[in-house]
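*Asks:* If it helps, the file is called protein.csv and holds CSV, C-alpha atoms and all ligand atoms:
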```csv
chain,number,residue,atom,x,y,z
A,1,MET,CA,-0.3,91.7,52.0
A,2,VAL,CA,3.2,91.5,50.6
A,3,ASN,CA,4.9,94.9,49.8
A,4,ILE,CA,5.0,95.6,46.1
A,5,TYR,CA,7.0,98.6,44.8
A,6,HIS,CA,6.5,100.7,41.6
A,7,GLU,CA,8.2,103.6,39.8
A,8,LYS,CA,7.0,106.2,42.3
A,9,ASP,CA,8.8,104.3,45.1
A,10,GLY,CA,12.3,104.6,43.7
A,11,ASN,CA,14.5,107.7,43.6
A,12,ILE,CA,17.7,107.4,41.5
A,13,SER,CA,19.2,110.6,43.0
A,14,GLU,CA,19.8,108.5,46.2
A,15,ILE,CA,22.7,106.8,44.4
A,16,LYS,CA,23.8,109.5,41.9
A,17,GLU,CA,27.1,110.0,43.7
A,18,LYS,CA,27.8,106.3,44.1
A,19,THR,CA,29.8,103.9,41.9
A,20,VAL,CA,28.2,100.6,41.1
A,21,ALA,CA,30.5,97.6,40.3
A,22,ILE,CA,28.9,94.8,38.3
A,23,ILE,CA,30.9,91.6,39.1
A,24,GLY,CA,30.4,89.1,36.3
A,25,TYR,CA,29.4,90.2,32.8
A,26,GLY,CA,27.2,87.2,31.8
A,27,ASN,CA,23.4,86.9,31.2
A,28,GLN,CA,22.3,89.2,34.1
A,29,GLY,CA,25.6,91.2,34.4
A,30,ARG,CA,25.5,92.7,30.9
A,31,ALA,CA,21.8,93.5,30.9
A,32,GLN,CA,21.8,95.1,34.4
A,33,ALA,CA,25.0,97.0,33.7
A,34,LEU,CA,23.6,98.5,30.5
A,35,ASN,CA,20.2,99.4,32.1
A,36,LEU,CA,21.9,101.0,35.1
A,37,ARG,CA,24.2,103.1,32.9
A,38,ASP,CA,21.2,104.2,30.7
A,39,SER,CA,19.5,105.3,33.9
A,40,GLY,CA,22.3,107.7,34.6
A,41,ILE,CA,24.2,105.6,37.2
A,42,ASN,CA,28.0,105.4,37.3
A,43,VAL,CA,28.8,101.7,36.5
A,44,ILE,CA,32.1,99.9,36.3
A,45,VAL,CA,32.7,96.1,35.6
A,46,GLY,CA,34.8,93.6,37.5
A,47,ASN,CA,35.6,90.3,35.7
A,48,ARG,CA,38.5,87.9,35.2
A,49,GLU,CA,40.7,88.9,32.3
A,50,ASP,CA,38.9,86.9,29.5
A,51,GLU,CA,36.3,87.2,26.8
A,52,TYR,CA,33.6,88.4,29.3
A,53,ARG,CA,35.8,91.3,30.3
A,54,GLN,CA,36.3,92.0,26.6
A,55,PHE,CA,32.5,92.1,26.1
A,56,ALA,CA,32.3,94.8,28.8
A,57,LYS,CA,35.1,96.8,27.3
A,58,ASP,CA,33.5,96.6,23.9
A,59,ASP,CA,30.3,98.0,25.5
A,60,GLY,CA,32.3,101.0,26.7
A,61,PHE,CA,32.7,100.1,30.4
A,62,SER,CA,35.8,100.7,32.5
A,63,THR,CA,36.8,97.1,33.5
A,64,TYR,CA,38.9,95.8,36.4
A,65,SER,CA,39.8,92.7,38.2
A,66,ILE,CA,37.1,91.6,40.6
A,67,ALA,CA,39.1,92.8,43.6
A,68,ASP,CA,39.9,96.2,42.1
A,69,ALA,CA,36.3,96.8,41.1
A,70,VAL,CA,35.0,95.9,44.6
A,71,ASN,CA,37.7,98.3,46.0
A,72,LYS,CA,36.5,101.2,43.8
A,73,ALA,CA,32.8,100.8,44.2
A,74,ASP,CA,30.2,101.7,46.9
A,75,ILE,CA,27.6,99.2,45.6
A,76,ILE,CA,28.6,95.8,44.3
A,77,PHE,CA,26.3,93.6,42.2
A,78,ILE,CA,27.4,89.9,42.4
A,79,LEU,CA,26.2,88.4,39.1
A,80,ILE,CA,28.2,85.2,38.8
A,81,PRO,CA,26.9,81.6,38.9
A,82,ASP,CA,25.5,80.6,42.3
A,83,GLU,CA,27.6,77.4,42.5
A,84,ILE,CA,30.9,79.2,42.6
A,85,LEU,CA,29.7,82.4,44.3
A,86,ASP,CA,30.8,81.4,47.8
A,87,GLU,CA,34.4,80.7,46.8
A,88,VAL,CA,34.7,83.9,44.7
A,89,PHE,CA,33.1,85.9,47.5
A,90,GLU,CA,35.6,84.6,50.1
A,91,GLU,CA,38.7,85.1,47.9
A,92,SER,CA,38.0,88.2,45.7
A,93,ILE,CA,35.1,90.2,47.2
A,94,ARG,CA,34.9,90.0,51.0
A,95,PRO,CA,38.5,91.1,51.7
A,96,TYR,CA,38.0,94.3,49.6
A,97,LEU,CA,34.7,95.5,51.0
A,98,SER,CA,34.5,98.7,53.1
A,99,GLU,CA,32.2,99.7,55.8
A,100,GLY,CA,28.9,101.2,54.4
A,101,ASN,CA,29.1,99.3,51.0
A,102,ALA,CA,26.1,97.6,49.7
A,103,ILE,CA,26.3,94.2,48.1
A,104,VAL,CA,23.5,93.1,45.8
A,105,PHE,CA,22.6,89.5,44.8
A,106,ALA,CA,20.3,88.4,42.0
A,107,SER,CA,19.5,85.1,43.7
A,108,GLY,CA,18.7,84.4,47.4
A,109,TYR,CA,20.5,81.0,47.3
A,110,ASN,CA,23.9,81.7,49.0
A,111,VAL,CA,22.6,84.1,51.6
A,112,GLY,CA,19.3,82.4,52.2
A,113,PHE,CA,21.0,79.0,52.9
A,114,GLU,CA,23.9,80.7,54.9
A,115,LEU,CA,26.6,79.5,52.6
A,116,ILE,CA,28.6,82.7,52.8
A,117,ASP,CA,30.0,84.7,55.7
A,118,LEU,CA,28.8,88.3,55.5
A,119,PRO,CA,30.6,91.2,57.3
A,120,ASP,CA,28.1,93.0,59.5
A,121,ASN,CA,29.0,96.6,58.5
A,122,ILE,CA,27.5,96.5,55.0
A,123,ASP,CA,24.0,96.4,53.5
A,124,VAL,CA,23.0,93.1,51.9
A,125,LEU,CA,20.4,93.4,49.3
A,126,LEU,CA,18.5,91.1,46.9
A,127,LEU,CA,17.3,92.3,43.4
A,128,ALA,CA,16.3,89.1,41.6
A,129,PRO,CA,14.6,89.6,38.2
A,130,ARG,CA,12.0,87.0,37.2
A,131,MET,CA,13.4,87.3,33.7
A,132,ILE,CA,16.4,86.0,31.7
A,133,GLY,CA,19.1,88.5,31.0
A,134,VAL,CA,18.2,89.2,27.4
A,135,GLY,CA,14.6,90.0,28.6
A,136,VAL,CA,15.9,92.3,31.3
A,137,ARG,CA,17.5,94.4,28.6
A,138,GLU,CA,14.7,94.2,26.0
A,139,LYS,CA,12.0,95.0,28.5
A,140,PHE,CA,14.0,98.0,29.7
A,141,LEU,CA,14.4,99.3,26.2
A,142,ASP,CA,10.8,98.8,25.3
A,143,GLY,CA,9.6,100.4,28.5
A,144,GLU,CA,7.5,97.5,29.7
A,145,GLY,CA,9.7,96.4,32.6
A,146,PHE,CA,9.7,93.0,34.3
A,147,PHE,CA,8.9,91.6,37.8
A,148,SER,CA,11.5,91.1,40.4
A,149,PHE,CA,11.7,89.8,43.9
A,150,ILE,CA,13.6,92.0,46.3
A,151,ALA,CA,14.8,91.7,49.9
A,152,ILE,CA,17.0,93.3,52.6
A,153,GLU,CA,19.0,90.9,54.7
A,154,GLN,CA,21.1,93.5,56.4
A,155,ASP,CA,20.6,97.3,56.8
A,156,ALA,CA,23.9,98.5,58.3
A,157,THR,CA,23.7,102.1,56.9
A,158,GLY,CA,20.0,102.7,57.7
A,159,HIS,CA,19.5,103.6,54.0
A,160,ALA,CA,19.3,100.0,52.5
A,161,LYS,CA,15.7,100.4,51.4
A,162,ASN,CA,16.2,103.7,49.6
A,163,VAL,CA,19.3,102.3,47.9
A,164,LEU,CA,17.6,99.0,46.9
A,165,LEU,CA,14.6,100.9,45.4
A,166,ALA,CA,16.8,103.3,43.5
A,167,LEU,CA,18.7,100.3,42.0
A,168,ALA,CA,15.4,98.5,41.2
A,169,LYS,CA,14.3,101.7,39.4
A,170,GLY,CA,17.7,101.8,37.6
A,171,ILE,CA,17.4,98.3,36.2
A,172,GLY,CA,13.9,99.0,35.1
A,173,THR,CA,11.9,96.5,37.3
A,174,LEU,CA,9.8,99.1,39.1
A,175,ARG,CA,7.9,99.8,35.8
A,176,LYS,CA,6.3,96.4,36.3
A,177,GLY,CA,6.7,95.7,40.0
A,178,ALA,CA,9.1,94.5,42.7
A,179,VAL,CA,7.7,92.1,45.3
A,180,GLU,CA,9.4,92.1,48.7
A,181,LEU,CA,10.3,88.6,50.1
A,182,THR,CA,13.2,87.2,52.2
A,183,PHE,CA,16.4,85.8,50.6
A,184,LYS,CA,15.3,82.3,51.7
A,185,GLN,CA,11.8,82.6,50.3
A,186,GLU,CA,13.2,83.7,46.9
A,187,ALA,CA,15.6,80.8,46.8
A,188,GLU,CA,13.0,78.3,47.9
A,189,LEU,CA,10.5,79.4,45.2
A,190,ASP,CA,13.2,79.2,42.6
A,191,LEU,CA,14.3,75.8,43.6
A,192,PHE,CA,10.7,74.5,43.9
A,193,ASN,CA,9.9,75.7,40.4
A,194,GLU,CA,13.0,73.8,39.1
A,195,GLN,CA,12.5,70.6,41.2
A,196,GLY,CA,8.7,70.4,41.8
A,197,PHE,CA,7.1,71.8,38.7
A,198,GLY,CA,9.8,71.3,36.0
A,199,PRO,CA,10.3,67.5,36.2
A,200,ALA,CA,6.6,66.9,36.7
A,201,PHE,CA,5.8,68.9,33.6
A,202,GLY,CA,8.6,67.2,31.7
A,203,ARG,CA,7.1,63.8,32.7
A,204,VAL,CA,3.6,64.7,31.5
A,205,LEU,CA,5.1,66.1,28.2
A,206,LEU,CA,7.2,62.9,27.6
A,207,THR,CA,4.3,60.6,28.4
A,208,ALA,CA,2.1,62.4,25.9
A,209,ILE,CA,4.9,62.2,23.3
A,210,TYR,CA,5.5,58.5,23.7
A,211,THR,CA,1.7,57.8,23.8
A,212,LEU,CA,1.4,59.4,20.3
A,213,LEU,CA,4.7,57.8,18.9
A,214,ASP,CA,3.6,54.3,20.1
A,215,ALA,CA,0.2,54.9,18.4
A,216,GLY,CA,2.1,55.3,15.1
A,217,TYR,CA,1.9,59.1,14.4
A,218,PRO,CA,5.0,60.5,12.5
A,219,PRO,CA,7.6,61.8,15.0
A,220,GLU,CA,7.9,65.1,13.1
A,221,ALA,CA,4.2,65.8,13.5
A,222,VAL,CA,4.2,64.7,17.2
A,223,LEU,CA,7.1,66.9,18.2
A,224,ILE,CA,5.7,69.9,16.3
A,225,GLU,CA,2.3,69.3,17.9
A,226,MET,CA,3.6,69.0,21.4
A,227,TYR,CA,6.3,71.7,21.6
A,228,MET,CA,8.4,72.4,18.5
A,229,SER,CA,5.9,74.8,17.0
A,230,GLY,CA,6.6,77.2,19.9
A,231,GLU,CA,2.8,77.6,20.3
A,232,MET,CA,3.0,76.7,24.0
A,233,SER,CA,5.0,79.8,24.7
A,234,TYR,CA,2.1,81.9,23.4
A,235,THR,CA,-0.2,80.1,25.8
A,236,TYR,CA,2.1,80.9,28.7
A,237,GLN,CA,2.2,84.6,27.6
A,238,ALA,CA,-1.5,84.6,27.4
A,239,MET,CA,-1.8,83.1,31.0
A,240,ALA,CA,0.4,86.0,32.2
A,241,LYS,CA,-1.5,88.6,30.3
A,242,VAL,CA,-5.2,87.7,31.0
A,243,GLY,CA,-5.2,84.8,33.5
A,244,LEU,CA,-4.7,81.1,33.8
A,245,VAL,CA,-8.4,80.2,32.9
A,246,LYS,CA,-9.4,83.3,31.0
A,247,GLN,CA,-6.7,82.5,28.3
A,248,VAL,CA,-8.8,79.5,27.2
A,249,ASN,CA,-10.9,82.0,25.3
A,250,PHE,CA,-8.0,82.2,22.8
A,251,HIS,CA,-8.7,78.6,21.9
A,252,SER,CA,-11.6,77.1,19.9
A,253,GLN,CA,-14.8,76.0,21.6
A,254,THR,CA,-13.9,72.4,20.7
A,255,SER,CA,-10.5,72.8,22.4
A,256,GLN,CA,-12.1,74.3,25.5
A,257,TYR,CA,-14.7,71.6,25.8
A,258,GLY,CA,-12.2,68.8,25.2
A,259,SER,CA,-9.7,70.0,27.7
A,260,MET,CA,-12.2,70.9,30.4
A,261,SER,CA,-14.3,67.7,30.1
A,262,ARG,CA,-11.2,65.4,30.0
A,263,GLY,CA,-9.3,67.3,32.6
A,264,ILE,CA,-11.2,65.6,35.4
A,265,ARG,CA,-9.6,62.2,34.5
A,266,PHE,CA,-6.2,63.4,35.7
A,267,ARG,CA,-7.5,64.6,39.1
A,268,LYS,CA,-6.0,61.6,40.9
A,269,LEU,CA,-2.4,62.1,39.7
A,270,PRO,CA,-0.4,61.7,43.0
A,271,LEU,CA,1.5,65.0,42.4
A,272,ARG,CA,0.8,66.9,45.6
A,273,PRO,CA,2.5,64.6,48.2
A,274,LYS,CA,5.6,64.4,46.0
A,275,MET,CA,5.7,68.2,45.5
A,276,GLU,CA,5.2,68.7,49.3
A,277,GLU,CA,8.2,66.3,49.9
A,278,ILE,CA,10.4,68.2,47.5
A,279,LEU,CA,9.4,71.6,49.0
A,280,GLU,CA,10.2,70.3,52.5
A,281,GLU,CA,13.7,69.1,51.4
A,282,ILE,CA,14.3,72.6,50.0
A,283,GLN,CA,13.0,74.4,53.1
A,284,ASN,CA,14.8,72.3,55.6
A,285,GLY,CA,18.1,72.7,53.8
A,286,GLU,CA,18.5,69.0,52.9
A,287,PHE,CA,18.7,69.7,49.2
A,288,THR,CA,21.4,72.4,49.6
A,289,LYS,CA,23.4,70.1,51.9
A,290,GLU,CA,23.2,67.4,49.3
A,291,TRP,CA,24.2,69.7,46.5
A,292,GLU,CA,27.2,71.1,48.4
A,293,LYS,CA,28.8,67.6,48.7
A,294,THR,CA,31.7,66.7,46.4
A,295,LEU,CA,30.2,63.3,45.8
A,296,THR,CA,27.0,64.9,44.5
A,297,LYS,CA,28.9,66.8,41.8
A,298,LEU,CA,30.1,63.4,40.5
A,299,LYS,CA,26.7,61.9,40.9
A,300,PHE,CA,25.3,64.8,38.8
A,301,LYS,CA,27.8,64.1,36.1
A,302,ILE,CA,26.6,60.5,35.8
A,303,ILE,CA,22.8,61.4,36.0
A,304,LYS,CA,23.4,64.0,33.2
A,305,PHE,CA,25.1,61.4,31.1
A,306,PHE,CA,22.1,59.1,31.5
A,307,ALA,CA,19.8,61.9,30.6
A,308,THR,CA,21.6,62.7,27.4
A,309,LYS,CA,21.1,59.0,26.4
A,310,GLN,CA,17.3,59.3,26.6
A,311,LYS,CA,15.5,58.0,23.5
A,312,ILE,CA,13.8,61.4,23.0
A,313,ASN,CA,17.1,63.0,22.3
A,314,ARG,CA,17.8,60.7,19.3
A,315,ILE,CA,14.2,61.1,18.0
A,316,GLU,CA,14.3,64.8,18.4
A,317,ASN,CA,17.6,65.1,16.4
A,318,GLU,CA,16.2,63.0,13.6
A,319,VAL,CA,13.1,65.1,13.5
A,320,ARG,CA,15.1,68.4,13.5
A,321,ASP,CA,17.2,67.1,10.7
A,322,ASN,CA,14.2,66.1,8.6
A,323,LEU,CA,12.6,69.5,9.2
A,324,GLY,CA,15.8,71.3,8.1
A,325,LEU,CA,16.4,72.7,11.7
A,326,LYS,CA,19.8,72.9,13.2
A,327,THR,CA,20.8,69.9,15.2
A,328,TYR,CA,22.7,70.0,18.5
A,329,ASP,CA,25.2,67.5,19.9
A,330,ILE,CA,23.5,66.3,23.1
A,331,TYR,CA,26.1,63.6,23.7
A,332,GLU,CA,28.8,66.0,24.8
A,333,GLN,CA,28.7,64.6,28.4
A,334,GLU,CA,31.6,62.3,29.0
A,335,PRO,CA,30.7,58.8,29.9
A,336,PRO,CA,31.5,57.7,33.5
A,337,THR,CA,35.0,56.3,34.0
A,338,ASN,CA,35.8,53.2,36.1
A,339,ARG,CA,37.3,55.6,38.7
A,340,ASP,CA,34.0,57.6,38.8
A,341,MET,CA,32.0,54.4,39.4
A,342,GLU,CA,34.5,53.3,42.1
A,343,GLU,CA,34.0,56.6,43.9
A,344,LEU,CA,30.2,56.4,43.6
A,345,LYS,CA,30.1,52.8,45.0
A,346,GLU,CA,27.9,53.8,47.9
A,347,VAL,CA,25.2,55.3,45.7
A,348,SER,CA,25.5,52.6,42.9
A,349,GLU,CA,21.9,51.3,43.6
A,350,GLU,CA,20.5,54.8,43.3
A,351,LEU,CA,22.4,55.4,40.1
A,352,LYS,CA,21.0,52.2,38.6
A,353,GLU,CA,17.5,53.6,39.2
A,354,PHE,CA,18.5,56.7,37.3
A,355,GLU,CA,19.8,54.7,34.4
A,356,LYS,CA,16.5,52.8,34.3
A,357,TYR,CA,14.5,56.0,34.6
A,358,TYR,CA,16.2,57.6,31.6
A,359,GLN,CA,16.0,54.5,29.3
B,401,LIG,N1,20.3,83.5,34.0
B,401,LIG,C1,19.2,84.1,34.4
B,401,LIG,O1,18.3,84.3,33.5
B,401,LIG,C2,19.0,84.6,35.8
B,401,LIG,C3,17.7,85.1,36.2
B,401,LIG,C4,17.6,85.6,37.4
B,401,LIG,C5,18.6,85.6,38.3
B,401,LIG,N2,19.8,85.1,38.0
B,401,LIG,C6,20.9,85.1,38.9
B,401,LIG,O2,21.9,86.0,38.4
B,401,LIG,C7,23.2,85.6,38.9
B,401,LIG,C8,24.1,85.5,37.7
B,401,LIG,O3,23.6,84.5,36.8
B,401,LIG,P1,23.9,84.5,35.3
B,401,LIG,O4,23.0,83.5,34.6
B,401,LIG,O5,23.9,85.9,34.8
B,401,LIG,O6,25.4,84.0,35.3
B,401,LIG,P2,26.3,83.6,34.0
B,401,LIG,O7,25.8,84.3,32.8
B,401,LIG,O8,26.6,82.2,34.0
B,401,LIG,O9,27.6,84.4,34.6
B,401,LIG,C9,28.7,84.5,33.8
B,401,LIG,C10,29.7,85.4,34.5
B,401,LIG,O10,30.2,84.9,35.7
B,401,LIG,C11,31.6,84.9,35.6
B,401,LIG,N3,32.2,83.7,36.2
B,401,LIG,C12,31.9,82.4,36.0
B,401,LIG,N4,32.7,81.6,36.8
B,401,LIG,C13,33.4,82.4,37.5
B,401,LIG,C14,34.5,82.2,38.5
B,401,LIG,N5,34.8,81.0,38.9
B,401,LIG,N6,35.1,83.3,39.0
B,401,LIG,C15,34.7,84.5,38.6
B,401,LIG,N7,33.8,84.8,37.7
B,401,LIG,C16,33.2,83.8,37.2
B,401,LIG,C17,31.9,84.8,34.1
B,401,LIG,O11,33.1,85.4,33.9
B,401,LIG,P3,34.4,84.5,33.5
B,401,LIG,O12,34.0,83.1,33.3
B,401,LIG,O13,34.9,85.2,32.3
B,401,LIG,O14,35.3,84.7,34.6
B,401,LIG,C18,30.8,85.8,33.6
B,401,LIG,O15,31.1,87.1,33.7
B,401,LIG,C19,23.0,84.3,39.6
B,401,LIG,O16,22.9,84.6,41.0
B,401,LIG,C20,21.6,83.8,39.1
B,401,LIG,O17,21.0,82.9,40.0
B,401,LIG,C21,20.0,84.6,36.7
```
How would this structure read if it were set down as structure tokens?

*Replies:*
Amino acid sequence: MVNIYHEKDGNISEIKEKTVAIIGYGNQGRAQALNLRDSGINVIVGNREDEYRQFAKDDGFSTYSIADAVNKADIIFILIPDEILDEVFEESIRPYLSEGNAIVFASGYNVGFELIDLPDNIDVLLLAPRMIGVGVREKFLDGEGFFSFIAIEQDATGHAKNVLLALAKGIGTLRKGAVELTFKQEAELDLFNEQGFGPAFGRVLLTAIYTLLDAGYPPEAVLIEMYMSGEMSYTYQAMAKVGLVKQVNFHSQTSQYGSMSRGIRFRKLPLRPKMEEILEEIQNGEFTKEWEKTLTKLKFKIIKFFATKQKINRIENEVRDNLGLKTYDIYEQEPPTNRDMEELKEVSEELKEFEKYYQ
């Protein structure tokens, strides 16, 4: 069975004399910095000189440039977006690391897919909360904790495990449980959730919405029924609390009979082969290779533009307006220029498919 660690497994005195630098004061950075400090750990923050650095100052942290923070610290949390992490690591982190340091990632992506070049005289750790930053802070304060995936890629000091478990205790995850994986497994699971489950779920949701709209139900009622009430999030919480099937008991007998008896009609949805194909592309590195290409960034810009033009966006904004809810500008994505289209000539057929798909 996989190793799962709890409160008794972590000892904060292992890192009492150490300085922890949090690099990046965003979603995870702020939450983890505050939790570690509240756990009695000496924390400093490294960020570019801008509003995020100011947030850290306002929270009472000593702040530095990224390079200076790395220089001053023994343990370095790298909590910046994964897409730019390799560049920032090469320029502002790697040159300032010392032998025996530990670096800690919150995502397995860059290490798991070998996108960064790691010095071999440091510990390389993963402490990846399965929780958004705000939740990491809230669930620390209320004492409940949250799950994380943890991993050790490199143990240069011989103490990597003790350090990792002390940090895990410090951010509050051991109260719930930290599950040991590899960096690559963490990254693959995360990508699969985003690429295999997310879009399939989105397709099912949209199909249900358009079925009801085409049948003449008022859009306000349809969107409230399908997701805008927020009821679905309670169902998800119930699944986590009591179990995937057991949670049906929170619904009426009519609801239970209806969903169980009709469920069988969807058994032949051809989801599995598509999901297996997506997982394989993730595992064999094909997705990462594709995402690293400059052309893909441009292709993404165009696909996102098509996605913002989907009919549901307009319907949703009208509904939100009618219901007195705040509306958001979803058309902020710039339309493609002629130059973009020229550069994307070799994938123009593929882009036409995306345009059609999002109509
Ligand atoms: N978001 C989540 O809920 C979540 C959950 C689990 C794990 N993670 C992982 O946690 C890590 C951090 O994610 P996040 O969502 O917390 O990131 P985020 O909020 O988007 O990160 C913002 C921080 O990154 C800094 N930053 C952005 N671009 C930068 C650049 N080019 N150079 C230097 N600093 C830069 C920002 O500072 P400036 O722009 O001021 O420089 C800011 O401090 C990632 O590995 C992510 O996969 C995130």

*Asks:* List as a count of residues only the protein and nucleic acid residues near range 220-225 of chain A, meaning an atom at most 9 Å away when only C-alpha atoms are counted, but skip any in the same chain fewer than 6 places from it.

*Replies:* 11

*Asks:* Which residues come within 9 Å of range 114-128 of chain A, counting all atoms listed in the file, excluding same-chain residues fewer than 2 positions away, as a PyMOL selection string?

*Replies:* chain A and resi 85-87+89-90+94+97-112+130-131+147-161+164+167-168+178+182-183+186

*Asks:* Range 8-19 of chain A: which residues within 10 Å, counting only C-alpha atoms, same-chain residues fewer than 2 positions away excluded, as a ChimeraX atom specification?

*Replies:* /A:4-6,21-22,36,39-44,69-70,72-76,101,159,161-170,174-175

*Asks:* Taking 6 positions as the minimum chain separation for residues in the same chain, which residues sit within 9 Å of Met275 in chain A when counting all atoms listed in the file? Answer as a list in words.

*Replies:* Phe192, Gln195, Gly196, Phe197 and Ala200 of chain A

*Asks:* Would you mind listing what lies within 12 Å of Glu144 in chain A as a VMD selection string, with all atoms listed in the file counted and same-chain residues fewer than 6 positions away left out?

*Replies:* chain A and resid 7 135 to 138 171 to 177

*Asks:* Using all atoms listed in the file, which residue out of A:Leu34, A:Leu181, A:Ala187, A:Val347 lies closest to Asp82 in chain A?

*Replies:*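 Selected residue with least distance to Asp82 in chain A: A:Ala187.
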
*Asks:* Counting only C-alpha atoms, which of A:Thr288, A:Thr337, A:Asn27, A:Gln359 gets nearest to Asn313 in chain A?

*Replies:*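 So, comparing all the options, the nearest one is A:Gln359.
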
*Asks:* List every residue of chain A that has an atom at most 7 Å from any atom of ligand LIG 401 (chain B), giving for each one its closest atom pair and the distance in Å to one decimal, counting all atoms listed in the file, sorted by chain and then by ascending residue number, as CSV.

*Replies:*
```
residue,atom,partner,partner_atom,distance
A:Gly24,CA,B:LIG401,O15,3.4
A:Tyr25,CA,B:LIG401,O15,3.6
A:Gly26,CA,B:LIG401,O7,3.4
A:Asn27,CA,B:LIG401,O5,3.8
A:Gln28,CA,B:LIG401,O5,3.7
A:Gly29,CA,B:LIG401,O5,5.6
A:Asn47,CA,B:LIG401,O14,5.7
A:Arg48,CA,B:LIG401,O14,4.6
A:Glu49,CA,B:LIG401,O13,6.9
A:Asp50,CA,B:LIG401,O13,5.2
A:Glu51,CA,B:LIG401,O13,6.0
A:Tyr52,CA,B:LIG401,O13,4.6
A:Arg53,CA,B:LIG401,O13,6.5
A:Ile78,CA,B:LIG401,C7,7.0
A:Leu79,CA,B:LIG401,C8,3.8
A:Ile80,CA,B:LIG401,O10,3.7
A:Pro81,CA,B:LIG401,O6,4.6
A:Asp82,CA,B:LIG401,O16,4.9
A:Ile84,CA,B:LIG401,N5,5.7
A:Val88,CA,B:LIG401,N6,5.7
A:Phe105,CA,B:LIG401,O16,6.2
A:Ala106,CA,B:LIG401,C6,4.6
A:Ser107,CA,B:LIG401,O16,4.4
A:Ala128,CA,B:LIG401,C5,5.3
A:Pro129,CA,B:LIG401,C4,5.1
A:Arg130,CA,B:LIG401,C4,5.8
A:Met131,CA,B:LIG401,C3,5.4
A:Ile132,CA,B:LIG401,O1,3.1
A:Gly133,CA,B:LIG401,O1,5.0
```

*Asks:* Kindly indicate which residue among A:Thr211, A:Ser255, A:Gln333, A:Gln32 lies nearest to Ala307 in chain A, using all atoms listed in the file for the distances.

*Replies:*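 Result for the nearest residue to Ala307 in chain A: A:Gln333.
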
*Asks:* What is the distance, in Å and to one decimal place, between CA of Leu191 in chain A and CA of Glu281 in chain A?

*Replies:*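 These two atoms are separated by 10.3 Å.
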
*Asks:* For Arg30 in chain A, which of A:Thr294, A:Glu342, A:Val134, A:Glu91 is the closest residue, counting all atoms listed in the file?

*Replies:*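 Result for the nearest residue to Arg30 in chain A: A:Val134.
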
*Asks:* Distance CA of Arg265 in chain A-CA of Glu353 in chain A, one decimal place?

*Replies:*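 Between these atoms lies a distance of 28.8 Å.
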
*Asks:* Work out how far CA of Arg203 in chain A is from CA of Phe306 in chain A, in Å to one decimal.

*Replies:*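 Interatomic distance here is 15.8 Å.
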
*Asks:* Of the candidates A:Glu188, A:Tyr358, A:Met232, A:Asp214, which one gets nearest to Phe113 in chain A if we count all atoms listed in the file?

*Replies:*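 Checking each of A:Glu188, A:Tyr358, A:Met232, A:Asp214 against Phe113 in chain A, counting all atoms listed in the file, the winner is A:Glu188.
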
*Asks:* Nearest to Leu205 in chain A among A:Val2, A:Tyr234, A:Tyr357, A:Ile312, with distances taken over only C-alpha atoms: which residue is it?

*Replies:* A:Ile312
